[in-house]
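Peer 1: Okay, here's the structure, questions in a sec.
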Amino acid sequence: MVILNHGQRSGVKKPFWLEEIWRIRTRLEIENNLMQLALLNLAIDSKLRASDLLPLKVSDISSQDLIFNRVKCIQQKTNI
């Protein structure tokens, strides 16, 4: 039997502290990395995994100059 995660922690990861989230947001704003900042904000607001957010397109969350108040995104389960 082969153990794939030997030496690595498994299970639920600890959530970020509010202070850590603000540090990440501030750094992304300073670097002017708007795409990563938008993904971070969307992830926090929607509580979705990165694997659910990355397939989204700009057209899924906005139209012309308007950003939608609600977006339909179905959470997918991993194949593991």
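How things are named: the first chain in the structure tokens is A, the next is B, and so on; residues count from 1 in each chain; ligands count from 1 in the order shown.
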Tell me, as JSON, numbers by chain, which residues lie within 10 Å of segment 39-48 of chain A, counting only C-alpha atoms; anything in the same chain fewer than 2 positions away does not count.
Peer 2: {"A": [21, 24, 25, 28, 34, 35, 36, 37, 50, 51, 52, 53, 54, 56, 61, 70, 71, 73, 74, 75, 76]}
Peer 1: Please extract the residues of chain A with a backbone DSSP assignment of helix (DSSP H, G or I) and present them as a ChimeraX atom specification.
Peer 2: /A:18-30,34-46,50-53,58-61
Peer 1: I'd like the contact shell of Ser59 of chain A - 12 Å cut-off, only C-alpha atoms, skipping same-chain residues fewer than 6 positions apart - returned as a PyMOL selection string.
Peer 2: chain A and resi 65-68+71
Peer 1: Could the residues in this selection be saved with all heavy atoms as a PDB file, in the first residue's frame?
Peer 2:
```
ATOM      1  N   ASP A  65     -20.761  47.579 -18.061  1.00  0.00           N
ATOM      2  CA  ASP A  65     -20.212  48.280 -16.903  1.00  0.00           C
ATOM      3  C   ASP A  65     -20.865  47.875 -15.584  1.00  0.00           C
ATOM      4  O   ASP A  65     -20.558  48.442 -14.546  1.00  0.00           O
ATOM      5  CB  ASP A  65     -20.360  49.799 -17.083  1.00  0.00           C
ATOM      6  CG  ASP A  65     -19.499  50.323 -18.217  1.00  0.00           C
ATOM      7  OD1 ASP A  65     -18.488  49.668 -18.532  1.00  0.00           O
ATOM      8  OD2 ASP A  65     -19.831  51.380 -18.772  1.00  0.00           O
ATOM      9  N   LEU A  66     -21.770  46.903 -15.616  1.00  0.00           N
ATOM     10  CA  LEU A  66     -22.493  46.493 -14.411  1.00  0.00           C
ATOM     11  C   LEU A  66     -21.943  45.181 -13.862  1.00  0.00           C
ATOM     12  O   LEU A  66     -21.658  44.262 -14.610  1.00  0.00           O
ATOM     13  CB  LEU A  66     -23.979  46.311 -14.722  1.00  0.00           C
ATOM     14  CG  LEU A  66     -24.741  47.554 -15.162  1.00  0.00           C
ATOM     15  CD1 LEU A  66     -26.153  47.171 -15.573  1.00  0.00           C
ATOM     16  CD2 LEU A  66     -24.772  48.572 -14.040  1.00  0.00           C
ATOM     17  N   ILE A  67     -21.815  45.106 -12.549  1.00  0.00           N
ATOM     18  CA  ILE A  67     -21.445  43.863 -11.877  1.00  0.00           C
ATOM     19  C   ILE A  67     -22.709  43.315 -11.235  1.00  0.00           C
ATOM     20  O   ILE A  67     -23.425  44.030 -10.542  1.00  0.00           O
ATOM     21  CB  ILE A  67     -20.354  44.109 -10.822  1.00  0.00           C
ATOM     22  CG1 ILE A  67     -19.093  44.610 -11.507  1.00  0.00           C
ATOM     23  CG2 ILE A  67     -20.078  42.838 -10.036  1.00  0.00           C
ATOM     24  CD1 ILE A  67     -17.987  44.991 -10.556  1.00  0.00           C
ATOM     25  N   PHE A  68     -22.990  42.043 -11.490  1.00  0.00           N
ATOM     26  CA  PHE A  68     -24.211  41.430 -10.993  1.00  0.00           C
ATOM     27  C   PHE A  68     -24.196  41.320  -9.470  1.00  0.00           C
ATOM     28  O   PHE A  68     -23.164  41.055  -8.872  1.00  0.00           O
ATOM     29  CB  PHE A  68     -24.395  40.039 -11.592  1.00  0.00           C
ATOM     30  CG  PHE A  68     -24.462  40.018 -13.098  1.00  0.00           C
ATOM     31  CD1 PHE A  68     -23.836  39.010 -13.812  1.00  0.00           C
ATOM     32  CD2 PHE A  68     -25.148  40.985 -13.793  1.00  0.00           C
ATOM     33  CE1 PHE A  68     -23.901  38.982 -15.184  1.00  0.00           C
ATOM     34  CE2 PHE A  68     -25.223  40.961 -15.174  1.00  0.00           C
ATOM     35  CZ  PHE A  68     -24.589  39.956 -15.875  1.00  0.00           C
ATOM     36  N   VAL A  71     -24.750  35.799  -8.579  1.00  0.00           N
ATOM     37  CA  VAL A  71     -24.199  34.961  -9.637  1.00  0.00           C
ATOM     38  C   VAL A  71     -24.543  33.522  -9.309  1.00  0.00           C
ATOM     39  O   VAL A  71     -24.382  33.091  -8.166  1.00  0.00           O
ATOM     40  CB  VAL A  71     -22.662  35.114  -9.738  1.00  0.00           C
ATOM     41  CG1 VAL A  71     -22.089  34.183 -10.769  1.00  0.00           C
ATOM     42  CG2 VAL A  71     -22.292  36.551 -10.067  1.00  0.00           C
TER      43      VAL A  71
END
```
Peer 1: Quick check, in Å to one decimal: how far apart do atom CA of Asn69 of chain A and atom CA of Asn32 of chain A lie?
Peer 2: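 Computing it gives 23.6 Å between the two atoms.
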